[in-house]
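Asks: Structure file structure22.tsv (TSV, C-alpha atoms and all ligand atoms) is given on the next line.
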chain	number	residue	atom	x	y	z
A	1	MET	CA	1.56	62.32	41.48
A	2	GLY	CA	1.72	63.25	37.79
A	3	GLN	CA	2.62	60.70	35.16
A	4	ALA	CA	6.22	61.92	34.80
A	5	ASP	CA	6.70	61.52	38.56
A	6	LEU	CA	5.07	58.10	38.50
A	7	LYS	CA	7.37	56.92	35.71
A	8	ALA	CA	10.38	58.14	37.70
A	9	ALA	CA	9.09	56.42	40.84
A	10	VAL	CA	8.52	53.13	38.99
A	11	ALA	CA	11.96	53.28	37.35
A	12	ALA	CA	13.46	53.86	40.81
A	13	ALA	CA	11.45	50.95	42.25
A	14	ASN	CA	12.77	48.62	39.54
A	15	ARG	CA	16.35	49.72	40.17
A	16	ALA	CA	15.73	49.25	43.91
A	17	ILE	CA	14.64	45.60	43.70
A	18	ASP	CA	17.81	44.88	41.76
A	19	GLN	CA	20.00	46.81	44.21
A	20	ALA	CA	18.34	44.99	47.12
A	21	GLY	CA	19.47	41.67	45.63
A	22	LEU	CA	15.95	40.43	44.96
A	23	VAL	CA	16.40	39.90	41.21
A	24	THR	CA	17.68	36.62	39.81
A	25	LEU	CA	18.75	37.11	36.17
A	26	SER	CA	15.99	39.36	34.84
A	27	PHE	CA	13.09	37.87	36.84
A	28	GLY	CA	11.40	40.76	38.53
A	29	ASN	CA	9.30	43.81	37.85
A	30	ALA	CA	7.79	46.77	39.65
A	31	SER	CA	4.82	48.88	38.63
A	32	GLY	CA	2.75	51.80	39.84
A	33	VAL	CA	-0.76	52.99	39.06
A	34	ASP	CA	-2.36	56.32	38.19
A	35	ARG	CA	-6.02	55.68	38.85
A	36	SER	CA	-7.24	59.10	37.76
A	37	ALA	CA	-5.66	58.50	34.33
A	38	GLY	CA	-6.69	54.84	34.31
A	39	VAL	CA	-3.18	53.58	33.59
A	40	LEU	CA	-0.42	51.53	35.14
A	41	VAL	CA	3.28	52.17	34.56
A	42	ILE	CA	5.59	49.14	34.42
A	43	LYS	CA	9.10	48.01	33.57
A	44	PRO	CA	9.79	47.15	29.94
A	45	SER	CA	10.26	43.45	29.16
A	46	GLY	CA	13.79	42.07	29.39
A	47	ALA	CA	15.55	45.39	30.05
A	48	ALA	CA	18.60	45.65	32.33
A	49	TYR	CA	17.71	47.17	35.69
A	50	ALA	CA	20.72	49.33	36.43
A	51	GLY	CA	20.20	51.92	33.72
A	52	LEU	CA	16.41	52.07	33.76
A	53	THR	CA	15.04	55.60	33.39
A	54	ALA	CA	11.59	57.14	33.54
A	55	ASP	CA	11.54	57.28	29.73
A	56	ASP	CA	12.00	53.51	29.48
A	57	MET	CA	8.78	52.84	31.41
A	58	VAL	CA	5.72	51.54	29.59
A	59	VAL	CA	2.23	52.97	30.16
A	60	VAL	CA	-0.64	50.48	29.92
A	61	ALA	CA	-4.40	51.09	30.07
A	62	LEU	CA	-5.91	49.51	33.19
A	63	GLU	CA	-9.16	48.76	31.43
A	64	ASP	CA	-7.97	46.63	28.51
A	65	GLY	CA	-4.20	46.26	28.82
A	66	ARG	CA	-3.30	48.13	25.65
A	67	VAL	CA	-0.01	50.06	25.61
A	68	VAL	CA	-0.72	53.79	25.61
A	69	GLY	CA	2.76	55.21	26.25
A	70	GLY	CA	6.44	54.35	25.89
A	71	THR	CA	8.31	52.76	23.03
A	72	LEU	CA	9.26	49.38	24.55
A	73	ARG	CA	7.19	46.25	25.16
A	74	PRO	CA	5.82	45.98	28.71
A	75	SER	CA	6.86	43.28	31.18
A	76	ILE	CA	5.40	39.87	30.35
A	77	ASP	CA	3.77	39.88	33.81
A	78	THR	CA	1.74	43.03	33.07
A	79	SER	CA	-1.59	41.14	33.05
A	80	THR	CA	-0.93	39.90	36.58
A	81	HIS	CA	-0.30	43.45	37.80
A	82	ARG	CA	-3.35	44.76	35.95
A	83	ARG	CA	-5.61	42.11	37.48
A	84	LEU	CA	-4.45	43.04	41.00
A	85	TYR	CA	-4.92	46.80	40.43
A	86	LEU	CA	-8.44	46.17	39.15
A	87	GLU	CA	-9.31	43.99	42.16
A	88	PHE	CA	-7.75	46.08	44.91
A	89	PRO	CA	-8.46	49.81	44.64
A	90	GLU	CA	-6.34	50.55	47.72
A	91	ILE	CA	-3.01	49.48	46.18
A	92	GLY	CA	-0.72	51.87	44.30
A	93	GLY	CA	2.31	49.73	43.48
A	94	ILE	CA	3.19	46.08	42.86
A	95	VAL	CA	6.50	44.18	42.88
A	96	HIS	CA	7.22	40.68	41.61
A	97	THR	CA	10.55	38.93	42.12
A	98	HIS	CA	12.05	35.46	42.23
A	99	SER	CA	13.97	36.28	45.42
A	100	ALA	CA	15.45	33.02	46.65
A	101	TRP	CA	13.98	32.45	50.12
A	102	ALA	CA	10.47	33.69	49.37
A	103	SER	CA	10.53	31.58	46.19
A	104	ALA	CA	11.71	28.58	48.19
A	105	TRP	CA	8.57	28.83	50.36
A	106	ALA	CA	6.48	29.25	47.20
A	107	GLN	CA	8.10	26.15	45.69
A	108	ALA	CA	7.49	24.24	48.90
A	109	GLY	CA	3.84	25.24	48.70
A	110	ARG	CA	3.98	26.59	52.22
A	111	SER	CA	2.63	29.81	53.68
A	112	ILE	CA	5.16	31.66	55.84
A	113	PRO	CA	4.12	31.54	59.50
A	114	PRO	CA	4.46	34.67	61.64
A	115	LEU	CA	7.36	33.89	63.98
A	116	GLY	CA	8.56	37.34	65.01
A	117	THR	CA	8.05	41.06	64.94
A	118	THR	CA	9.74	41.70	61.58
A	119	HIS	CA	6.96	39.64	60.07
A	120	ALA	CA	4.27	41.32	62.16
A	121	ASP	CA	5.48	44.80	61.22
A	122	HIS	CA	4.50	44.09	57.60
A	123	PHE	CA	2.12	41.14	57.35
A	124	ARG	CA	-0.93	40.55	59.53
A	125	GLY	CA	-0.71	36.77	59.77
A	126	PRO	CA	0.79	33.97	57.69
A	127	VAL	CA	1.87	35.07	54.19
A	128	PRO	CA	-0.34	32.85	52.04
A	129	VAL	CA	0.60	30.59	49.18
A	130	THR	CA	-1.70	29.94	46.23
A	131	ARG	CA	-2.81	26.57	44.91
A	132	GLN	CA	-0.98	25.25	41.85
A	133	LEU	CA	-2.35	26.61	38.60
A	134	ARG	CA	-4.18	24.03	36.52
A	135	GLU	CA	-2.95	23.03	33.07
A	136	ASP	CA	-5.78	24.90	31.33
A	137	GLU	CA	-4.89	28.07	33.27
A	138	VAL	CA	-1.23	27.80	32.28
A	139	SER	CA	-1.95	27.08	28.62
A	140	GLY	CA	-4.50	29.90	28.44
A	141	ASP	CA	-3.95	33.49	29.60
A	142	TYR	CA	-1.30	32.39	32.07
A	143	GLU	CA	-0.32	35.82	33.42
A	144	LEU	CA	-3.95	36.80	33.98
A	145	ALA	CA	-4.59	33.45	35.70
A	146	THR	CA	-1.65	34.19	38.01
A	147	GLY	CA	-3.43	37.38	39.08
A	148	GLU	CA	-6.70	35.48	39.45
A	149	VAL	CA	-5.20	32.85	41.73
A	150	ILE	CA	-3.74	35.55	43.99
A	151	VAL	CA	-7.17	37.21	44.24
A	152	GLU	CA	-8.79	33.81	44.87
A	153	THR	CA	-6.29	33.02	47.64
A	154	LEU	CA	-6.83	36.29	49.53
A	155	GLU	CA	-10.61	35.93	49.15
A	156	ARG	CA	-10.61	32.35	50.39
A	157	LEU	CA	-8.66	33.38	53.48
A	158	GLY	CA	-10.71	36.53	54.05
A	159	LEU	CA	-7.63	38.75	53.79
A	160	SER	CA	-7.57	42.37	52.66
A	161	ALA	CA	-4.80	43.60	50.38
A	162	SER	CA	-3.73	46.11	53.02
A	163	ASP	CA	-3.56	43.60	55.88
A	164	MET	CA	-1.70	41.12	53.68
A	165	PRO	CA	0.44	42.96	51.09
A	166	ALA	CA	2.03	39.75	49.73
A	167	THR	CA	1.17	36.36	48.30
A	168	LEU	CA	3.41	33.49	47.21
A	169	VAL	CA	2.42	31.96	43.89
A	170	ALA	CA	2.96	28.18	44.17
A	171	ALA	CA	5.97	26.82	42.27
A	172	HIS	CA	6.81	30.38	41.21
A	173	GLY	CA	7.54	33.23	43.59
A	174	PRO	CA	6.31	36.26	45.52
A	175	PHE	CA	4.14	39.22	44.57
A	176	THR	CA	3.99	42.15	46.97
A	177	TRP	CA	2.13	45.44	46.85
A	178	GLY	CA	1.53	48.61	48.82
A	179	PRO	CA	0.14	52.15	48.65
A	180	SER	CA	3.00	53.08	46.27
A	181	ALA	CA	5.68	51.39	44.17
A	182	ALA	CA	8.24	52.29	46.86
A	183	GLU	CA	6.10	50.66	49.59
A	184	ALA	CA	5.72	47.56	47.42
A	185	VAL	CA	9.55	47.40	47.22
A	186	ASN	CA	9.79	47.68	51.01
A	187	ASN	CA	7.34	44.83	51.38
A	188	ALA	CA	9.34	42.72	48.89
A	189	ILE	CA	12.51	43.33	50.93
A	190	ALA	CA	10.68	42.56	54.18
A	191	LEU	CA	9.20	39.39	52.67
A	192	GLU	CA	12.60	38.07	51.62
A	193	ALA	CA	13.96	38.84	55.10
A	194	ILE	CA	11.14	37.07	56.94
A	195	ALA	CA	11.26	34.12	54.52
A	196	THR	CA	14.98	33.75	55.29
A	197	MET	CA	14.46	34.13	59.03
A	198	ALA	CA	11.54	31.69	59.11
A	199	SER	CA	13.62	29.07	57.28
A	200	GLN	CA	16.45	29.50	59.77
A	201	THR	CA	14.13	29.64	62.79
A	202	LEU	CA	12.44	26.39	61.78
A	203	ALA	CA	15.83	24.76	61.19
A	204	LEU	CA	16.85	25.71	64.73
A	205	ALA	CA	13.49	24.98	66.34
A	206	PRO	CA	11.29	22.85	64.06
A	207	GLY	CA	8.50	22.71	66.62
A	208	ILE	CA	8.30	26.41	67.41
A	209	GLY	CA	4.77	27.71	67.16
A	210	VAL	CA	3.62	30.98	65.68
A	211	MET	CA	4.24	34.15	67.67
A	212	PRO	CA	1.57	35.25	70.16
A	213	GLU	CA	-1.40	36.93	68.50
A	214	TYR	CA	-1.23	39.91	70.92
A	215	LEU	CA	2.38	40.60	69.91
A	216	LEU	CA	1.60	40.27	66.19
A	217	GLU	CA	-1.36	42.64	66.50
A	218	ARG	CA	0.60	45.17	68.51
A	219	HIS	CA	3.35	45.33	65.90
A	220	PHE	CA	1.05	45.40	62.87
A	221	GLN	CA	-1.29	47.99	64.36
A	222	ARG	CA	1.40	50.38	65.56
A	223	LYS	CA	2.58	50.74	61.97
A	224	HIS	CA	-0.67	50.29	60.04
A	225	GLY	CA	-3.61	50.67	62.42
A	226	PRO	CA	-5.84	53.72	62.83
A	227	GLY	CA	-3.67	55.04	65.66
A	228	ALA	CA	-0.34	54.16	64.03
A	229	TYR	CA	2.52	55.85	65.82
A	230	TYR	CA	5.63	54.34	64.21
A	231	GLY	CA	8.07	56.68	62.47
A	232	GLN	CA	7.97	60.40	61.83
A	233	SER	CA	4.55	60.65	60.33
A	234	SER	CA	1.97	63.34	59.80
A	235	PRO	CA	1.04	65.98	62.38
A	236	ALA	CA	-2.48	64.55	62.15
A	237	ALA	CA	-1.34	61.35	63.85
A	238	GLU	CA	-3.25	60.90	67.06
A	239	PRO	CA	-1.68	60.15	70.39
A	240	ARG	CA	-2.22	56.53	71.37
A	241	ASP	CA	-2.08	54.85	74.73
A	242	GLY	CA	-1.15	58.14	76.32
A	243	ARG	CA	2.01	58.39	74.27
A	244	PRO	CA	2.86	61.86	73.00
A	245	SER	CA	2.80	62.14	69.20
A	246	GLU	CA	5.67	64.58	68.79
A	247	PRO	CA	8.31	63.44	66.31
A	248	GLY	CA	11.12	61.59	67.96
A	249	SER	CA	9.15	60.58	71.00
A	250	GLY	CA	7.82	57.25	69.80
A	251	PRO	CA	9.49	53.88	69.66
A	252	ARG	CA	11.35	52.95	66.52
A	301	ZN	ZN	7.96	35.33	37.79
Produce structure tokens that represent the structure in this file.

Replies:
Amino acid sequence: MGQADLKAAVAAANRAIDQAGLVTLSFGNASGVDRSAGVLVIKPSGAAYAGLTADDMVVVALEDGRVVGGTLRPSIDTSTHRRLYLEFPEIGGIVHTHSAWASAWAQAGRSIPPLGTTHADHFRGPVPVTRQLREDEVSGDYELATGEVIVETLERLGLSASDMPATLVAAHGPFTWGPSAAEAVNNAIALEAIATMASQTLALAPGIGVMPEYLLERHFQRKHGPGAYYGQSSPAAEPRDGRPSEPGSGPR
């Protein structure tokens, strides 16, 4: 993807998180990365979502965070995005929102347990929550520290960024990511949905345990595993479990 296409994709991703109802006031931003050029493309700070265009996007050097393209100031959360891109070479897009239910779990300091297949389709296990940032981290380079605590949380739990494309930052809100900005948006939408459902499920059945591991694995792997067969994907997709791989023949 060239830089013009990336800017258009990131503008579309920012409009999409707003249209999906994930943005409270102006809290939220989406970005994408061009690793061959060594840059990330992100929403400008404080701009309205609805009219965002490719030309509004800000281009920032991955290496040192300096602005190398665009006329507006980048999102204040740019350092968080940059830290995650530098840590996880497999991710291509990042979304941050203050969507209400995911933020409620973040404020409660609770990871979201896997209770059903919507969760398992996107997240391979509980969606983790970070520790609270310390005072020195908040008074220092706060946005960078926010990225650091996400990295620390995934490392501590032994999670890869592709198995767990989301983390809740304690007393703040969710960050999600994916192979592209559009996939990061999908994961942000899925996260808000499973956060809502988990809250309601636990209200109905406070003692319900997590879903069976075999069901979680089946759902995660059929979309993300080496033999993934969900959707209308590439002709290179291999048949799995004796199922034919022709488009339209798989479950959806
Ligand atoms: Zn925020």

Asks: Please report, as JSON lines, each residue of chain A lying at most 7 Å from ligand ZN 301 (chain A), together with the nearest pair of atoms and the separation in Å rounded to one decimal; use all atoms listed in the file, and order rows by chain and ascending residue number.

Replies:
{"residue": "A:Phe27", "atom": "CA", "partner": "A:ZN301", "partner_atom": "ZN", "distance": 5.8}
{"residue": "A:Gly28", "atom": "CA", "partner": "A:ZN301", "partner_atom": "ZN", "distance": 6.5}
{"residue": "A:His96", "atom": "CA", "partner": "A:ZN301", "partner_atom": "ZN", "distance": 6.6}
{"residue": "A:Thr97", "atom": "CA", "partner": "A:ZN301", "partner_atom": "ZN", "distance": 6.2}
{"residue": "A:His98", "atom": "CA", "partner": "A:ZN301", "partner_atom": "ZN", "distance": 6.0}
{"residue": "A:His172", "atom": "CA", "partner": "A:ZN301", "partner_atom": "ZN", "distance": 6.1}
{"residue": "A:Gly173", "atom": "CA", "partner": "A:ZN301", "partner_atom": "ZN", "distance": 6.2}

Asks: Let me make sure I understand: among A:Ser162, A:Ser199, A:Gln3, A:Thr167, which one has the smallest atom-to-atom distance to Glu90 of chain A if we use only C-alpha atoms?

Replies: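 Selected residue with least distance to Glu90 of chain A: A:Ser162.
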
Asks: May I ask which of the residues A:Arg82, A:His119, A:Arg66, A:Lys7 is the closest one to Ala198 of chain A, counting only C-alpha atoms?

Replies: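 Ranking A:Arg82, A:His119, A:Arg66, A:Lys7 by distance to Ala198 of chain A, first place goes to A:His119.
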
Asks: Quick check, in Å to one decimal: how far apart do atom CA of Met197 of chain A and atom CA of Ala106 of chain A lie?

Replies: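 Atom-to-atom, atom CA of Met197 of chain A to atom CA of Ala106 of chain A, that is 15.1 Å.
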
Asks: For Arg124 of chain A, which of A:Pro165, A:Arg15, A:Tyr49, A:Ala228 is the closest residue, counting all atoms listed in the file?

Replies: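 Using all atoms listed in the file, Arg124 of chain A sits closest to A:Pro165.
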
Asks: Just checking: using all atoms listed in the file, which residue out of A:Asp163, A:Asp121, A:Glu143, A:Glu192 ends up closest to Pro179 of chain A?

Replies: A:Asp163

Asks: Calculate how many Å separate atom CA of Lys43 of chain A from atom CA of Thr196 of chain A, rounding to one decimal.

Replies: 26.6 Å

Asks: Any chance you could work out the axis-aligned box around segment 10-19 of chain A, listed atoms only, 3 Å on each side, giving centre and edge lengths in Å to one decimal, as lines of an AutoDock Vina configuration file?

Replies:
center_x = 14.3
center_y = 49.4
center_z = 40.8
size_x = 17.5
size_y = 15.0
size_z = 12.9

Asks: Given the choices A:Ala120, A:Thr80, A:Ile42, A:Lys223, which gets closest to Val67 of chain A if the distance is worked out from all atoms listed in the file?

Replies: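 That would be A:Ile42, the residue with the smallest distance to Val67 of chain A.
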
Asks: Select, from A:Ala145, A:Ala48, A:Ile91, A:Ala205, the residue with the minimum atom-to-atom distance to Thr24 of chain A, counting all atoms listed in the file.

Replies: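 Under the stated criterion, the closest residue is A:Ala48.
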
Asks: Could you please determine the separation between atom CA of Pro206 of chain A and atom CA of Ser160 of chain A in Å, to one decimal place?

Replies: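 Pair atom CA of Pro206 of chain A / atom CA of Ser160 of chain A returns 29.4 Å.
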
Asks: Give me the residues within 12 Å of Val68 of chain A as a compact mmCIF listing (two decimals) with C-alpha atoms, in the coordinates of the input, counting all atoms listed in the file and dropping any in the same chain fewer than 2 places off.

Replies:
# COMPACT_ATOMS: atom_id res chain seq x y z
CA ALA A 37 -5.66 58.50 34.33
CA GLY A 38 -6.69 54.84 34.31
CA VAL A 39 -3.18 53.58 33.59
CA LEU A 40 -0.42 51.53 35.14
CA VAL A 41 3.28 52.17 34.56
CA ILE A 42 5.59 49.14 34.42
CA MET A 57 8.78 52.84 31.41
CA VAL A 58 5.72 51.54 29.59
CA VAL A 59 2.23 52.97 30.16
CA VAL A 60 -0.64 50.48 29.92
CA ALA A 61 -4.40 51.09 30.07
CA LEU A 62 -5.91 49.51 33.19
CA GLU A 63 -9.16 48.76 31.43
CA ASP A 64 -7.97 46.63 28.51
CA GLY A 65 -4.20 46.26 28.82
CA ARG A 66 -3.30 48.13 25.65
CA GLY A 70 6.44 54.35 25.89
CA THR A 71 8.31 52.76 23.03
CA LEU A 72 9.26 49.38 24.55
CA ARG A 73 7.19 46.25 25.16
CA PRO A 74 5.82 45.98 28.71
